[in-house]
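S.K.: Structure in structure tokens, see below.
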Amino acid sequence: MATTVQTERGRFCYAWHGPRDRPPIVAIGGLTDQLDHWPEAWAPAFAAQGHPLLVFDARDTGLSDHLDHLSLPSAKELALIALGLPSKHKALYTVGDMAEDVRAITHSLGVPSFHVIGYSMGGQVAQALALAHPQAVLSKTLLFSTSGVESLPLPPPSLFAALLGCCSRAADEARAVGDLLKLLRLTRSPVFGQPENELEQAAQASVRRAYRPEGVARHLHAVLTSEPVAPRLGAIGCPTLVLQGGADPFFSAAHGADLARRIPGARLESIPDAGHALEPAIAQALADAVLRNVSLKPR
């Protein structure tokens, strides 16, 4: 059951699944993800091996603190930044700030060390977290993520346009659900993808729980304007698994290969036909891969 924790960095909504006497596996989500985004099969799969799962709403997301006092970049400006033009906005917050949020949550919950799963943008947060707090991060699994190096392939324009559509407030619930649906349709797997009615239910549940397009815009601004950590990834010493989707339209195979090359000892695995989504059909395979990585010892 979700509850809240007050930290020195704000109030965060979180849920803890499983035993309290073991280091948790902390899941860090992507741009539009709330704490209920993660596969339902994960918590029991991890608990069966003695590992609790800690999920949370990031800043500006879900039921955690909303930072609406900050300025809001427009969809047009975000598109121009993605094309390499400088931002007119000062840095609202950075990927590093979001990494410090994770450490603040675990510290407030009395957790000195933990394992990390970072999905998409969450993978970039996980990288920054492992660099800033190497003593706390026992292992990390990077799902469908990137180092953020500018030379890597960009997502197709249609996908980026759908993401931008989730950055602007819709006139009503139906349009908000429709905006999220466009993104979910483009990121699902051609093989494992959920049927249309399940996507619609997921989009509607997300919008009704907490509709925060402004937070999506600020998160995207942070991703696009934060200084890449890629030059420092060689300092990471914890066991690292890079999981790449074979049909990921957002971060192609080049992104996974680049990450694995930059992190010493990182293992690269591919899930054939997986898209850019944590779909039920691959949930057990993802959980098994995470558990294999969690069992490894640091270098």
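Naming works like this for the structure tokens: A, B, ... for the chains as they're shown, residue 1 at the start of each chain, ligands 1 onward in shown order.
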Any idea what's packed within 9 Å of Thr32 of chain A, counting only C-alpha atoms, ignoring anything in its chain fewer than 2 positions away? Could you give it as number ranges by chain?

M.R.: A: 29-30, 34, 61, 163, 166, 180, 212-213, 215-216, 219

S.K.: Please produce a file of those selected residues containing C-alpha atoms, as a JSON list (two decimals), in the first residue's frame.

M.R.:
[["chain", "number", "residue", "atom", "x", "y", "z"],
["A", 29, "GLY", "CA", 10.86, 4.97, -13.49],
["A", 30, "GLY", "CA", 10.83, 6.79, -16.78],
["A", 34, "GLN", "CA", 4.08, 6.49, -11.60],
["A", 61, "THR", "CA", 5.11, 12.85, -10.65],
["A", 163, "LEU", "CA", 6.23, 12.29, -26.01],
["A", 166, "CYS", "CA", 2.31, 14.26, -23.00],
["A", 180, "LEU", "CA", -0.74, 8.94, -23.37],
["A", 212, "ARG", "CA", 1.03, 15.80, -14.34],
["A", 213, "PRO", "CA", 2.02, 16.83, -17.90],
["A", 215, "GLY", "CA", 6.16, 17.28, -14.56],
["A", 216, "VAL", "CA", 6.77, 15.30, -17.74],
["A", 219, "HIS", "CA", 11.67, 15.83, -16.51]]

S.K.: Could you please write out, as a ChimeraX atom specification, every residue of segment 169-254 of chain A that DSSP assigns to helix (DSSP H, G or I)?

M.R.: /A:173-187,196-209,213-225,230-235,253-254

S.K.: Return as CSV the residues of segment 196-265 of chain A lying at most 8 Å from segment 142-147 of chain A, together with the closest atom-to-atom pair for each and the distance in Å to one decimal, counting only C-alpha atoms, with rows in chain order and ascending residue number.

M.R.:
residue,atom,partner,partner_atom,distance
A:Pro228,CA,A:Ser147,CA,7.1
A:Val229,CA,A:Ser147,CA,7.1
A:Ala230,CA,A:Ser147,CA,5.6
A:Thr240,CA,A:Leu142,CA,7.6
A:Leu241,CA,A:Leu142,CA,6.2
A:Val242,CA,A:Leu142,CA,4.9
A:Leu243,CA,A:Leu143,CA,5.0
A:Gln244,CA,A:Phe144,CA,5.2
A:Gly245,CA,A:Phe144,CA,6.2
A:Asp248,CA,A:Phe144,CA,7.4
A:Phe251,CA,A:Ser145,CA,6.4
A:His255,CA,A:Thr146,CA,5.1
A:Gly256,CA,A:Thr146,CA,6.4
A:Asp258,CA,A:Ser147,CA,7.2
A:Leu259,CA,A:Ser147,CA,5.8

S.K.: Considering only C-alpha atoms, tabulate each residue of segment 27-72 of chain A that lies at most 9 Å from segment 265-284 of chain A along with its nearest interatomic pair and the corresponding distance in Å to one decimal; arrange the rows by chain and ascending residue number and present them as a Markdown table.

M.R.:
| residue | atom | partner | partner_atom | distance |
| --- | --- | --- | --- | --- |
| A:His37 | CA | A:Leu278 | CA | 8.4 |
| A:Trp38 | CA | A:Leu278 | CA | 7.1 |
| A:Pro39 | CA | A:Ala283 | CA | 6.1 |
| A:Glu40 | CA | A:Pro280 | CA | 8.0 |
| A:Ala41 | CA | A:Ala283 | CA | 6.5 |
| A:Trp42 | CA | A:Ala283 | CA | 7.1 |
| A:Ala45 | CA | A:Gln284 | CA | 7.8 |

S.K.: Write down as number ranges by chain the residues of segment 33-90 of chain A whose backbone DSSP state falls under strand (DSSP E).

M.R.: A: 53-56

S.K.: Please dump the current selection as a compact mmCIF listing (two decimals), in the first residue's frame; keep all heavy atoms.

M.R.:
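Contents of out09.txt, freshly written:
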# COMPACT_ATOMS: atom_id res chain seq x y z
N LEU A 53 10.91 -4.93 -2.69
CA LEU A 53 10.86 -3.99 -3.81
C LEU A 53 10.34 -2.66 -3.29
O LEU A 53 9.29 -2.59 -2.66
CB LEU A 53 9.93 -4.51 -4.91
CG LEU A 53 9.65 -3.57 -6.09
CD1 LEU A 53 10.92 -3.30 -6.89
CD2 LEU A 53 8.57 -4.15 -7.00
N LEU A 54 11.08 -1.59 -3.57
CA LEU A 54 10.68 -0.24 -3.19
C LEU A 54 10.41 0.56 -4.46
O LEU A 54 11.29 0.71 -5.31
CB LEU A 54 11.80 0.44 -2.38
CG LEU A 54 11.64 1.94 -2.06
CD1 LEU A 54 10.38 2.18 -1.25
CD2 LEU A 54 12.86 2.47 -1.33
N VAL A 55 9.18 1.03 -4.59
CA VAL A 55 8.79 1.85 -5.74
C VAL A 55 8.31 3.20 -5.23
O VAL A 55 7.85 3.32 -4.09
CB VAL A 55 7.70 1.16 -6.59
CG1 VAL A 55 8.21 -0.14 -7.17
CG2 VAL A 55 6.44 0.90 -5.77
N PHE A 56 8.38 4.22 -6.06
CA PHE A 56 8.01 5.56 -5.61
C PHE A 56 7.63 6.44 -6.79
O PHE A 56 7.99 6.17 -7.94
CB PHE A 56 9.18 6.20 -4.84
CG PHE A 56 10.40 6.46 -5.69
CD1 PHE A 56 10.63 7.72 -6.23
CD2 PHE A 56 11.31 5.45 -5.95
CE1 PHE A 56 11.74 7.97 -7.03
CE2 PHE A 56 12.44 5.69 -6.74
CZ PHE A 56 12.66 6.95 -7.29

S.K.: Go through A:Ile25, A:Ala235, A:Val223, A:Ala174 and flag the residue nearest Gln49 of chain A, using only C-alpha atoms for the distances.

M.R.: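 When distances to Gln49 of chain A are compared using only C-alpha atoms, the smallest one comes from A:Ile25.
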
S.K.: Rounded to one decimal in Å, what is the spacing between atom CA of Leu78 of chain A and atom CA of Thr94 of chain A?

M.R.: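 We find that atom CA of Leu78 of chain A and atom CA of Thr94 of chain A lie 14.8 Å from each other.
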